[in-house]
Amino acid sequence: MKKWFLIIPLIAVVAAGGWIAYGLYAPFRGYRGKQILVISPGARAETVSAQLVQHGVLAYRLPFLVRYWLGKQHQETLKWGEYLFDRPLSASQVYEKLARGEVYLHTVVIPEGFDRFDMARTFAQDLGLSSQSFLSATQNTSAIRDLDPQARTLEGYLFPDTYRFPRGVAAARIVQTMVGRFRQVLHSGALPGLSGGGDRLHDVMTLASLVEKETPDPAERPLIAGVFTRRLSLGMPLQCDPTVIYAVRLSQEDNGAFLGPITGSDLKVPSPYNTYARPGLPPGPICSPGLASIRAALDPAPGKALYFVSNNHGGHVFSNTLEEQVRNVKRYRQQLREQNEKQLQLENR
């Protein structure tokens, strides 16, 4: 009889150990599709385990807590952040995911031609990052001081690309990553003759940002760069509409979107970025240009054109003289009126 009193507890211990071992290493999935969980900073293991069970990531709390206790003996800790679960995992695998800090990375697309204010809104929307914190981080030019001592902000040097960041990432880290990407491109050989930095880099990036904003057509970019280069050499004002828009946005408290169209008062905004009111290039880039625009600024197309205007089809009409430009502008306005009239007729049907 005494023998059974010894065997029963032993069986219970073995059974409990087997159950815990099964829970530690048997994959489980109690949810459909994908599950994203946020582990708060300072959350206790008991709270985390309950959260994981509640959302179907774990079947039971105890195996996870046992694995947590074992890890704690080796100074391991759970990392806070946002985690994606999309396949069956064992309690041990879930613990290791949290202990390694394999947080979910959000894909953020920054298109060519975005300025700092566009980027701030994108990061706020996709990552919940404060727009003001991002803009404040872009005011610190120490990251590119060796390349462009003239830079007033990081405008133009936040390379447009597809990035992956975790929610809660610091604005300084985002900026560091984007400037790092610019440096990588600069020194990759993709932009020969520009890796030295200095005044040339500053002027090329500024010109490239104007080209980027003027046309979405890569084939036109060298032509527009050529027009601007010739106007600069002749001492003519660039009269680049996107610089006026940028100047107006800088004058707004919230740097909001420009709703347009450009007015006469906009053309008189007292800003060094207003190329209608000030000669030469603006004091720095007005957006982040892509490779095609930077290459166009490095190698403008030869020719005699000094003017261009929209052709109402996504491109431009170029002209050598002011008289030609006046005629082209009249044609553009007439086409625009006709398009608006047709649109009104369609809406009134």
# chains A, B, ... in the order shown; residues from 1 in each chain; ligands from 1
>>> select_by_dssp(residues="segment 20-203 of chain A", states="helix (DSSP H, G or I)", output="PyMOL selection string")
chain A and resi 20-25+45-54+62-72+91-100+116-127+131-137+141-144+171-186+199-203
>>> residues_around(residues="Gly196 of chain A", least_positions_apart="4", cutoff="12 Å", atoms="only C-alpha atoms", output="VMD selection string")
chain A and resid 146 to 148 183 186 to 187 189 191 to 192 200 to 202
>>> closest_residue(among="A:Ala190, A:Met236, A:Leu250, A:Leu291", to="Phe159 of chain A", atoms="only C-alpha atoms")
A:Leu291
>>> residues_around(residues="Leu65 of chain A", least_positions_apart="3", cutoff="8 Å", atoms="only C-alpha atoms", output="list in words")
Ala45, Glu46, Ser49, Arg61, Leu62, Tyr68 and Trp69 of chain A
>>> write_last_selection(atoms="C-alpha atoms", output="short mmCIF file (atom, residue, chain, number, x, y, z; two decimals), in the first residue's frame")
data_model
loop_
_atom_site.label_atom_id
_atom_site.label_comp_id
_atom_site.auth_asym_id
_atom_site.auth_seq_id
_atom_site.Cartn_x
_atom_site.Cartn_y
_atom_site.Cartn_z
CA ALA A 45 5.18 37.72 -18.04
CA GLU A 46 1.87 36.74 -16.45
CA SER A 49 0.96 34.98 -21.29
CA ARG A 61 -0.19 29.94 -20.02
CA LEU A 62 1.90 27.54 -17.92
CA TYR A 68 10.10 32.39 -19.30
CA TRP A 69 11.36 31.30 -15.86
#
>>> residues_around(residues="Pro218 of chain A", least_positions_apart="6", cutoff="9 Å", atoms="only C-alpha atoms", output="ChimeraX atom specification")
/A:212,292-293,296
>>> atom_distance(atom1="atom CA of Leu210 of chain A", atom2="atom CA of Ile286 of chain A")
6.9 Å
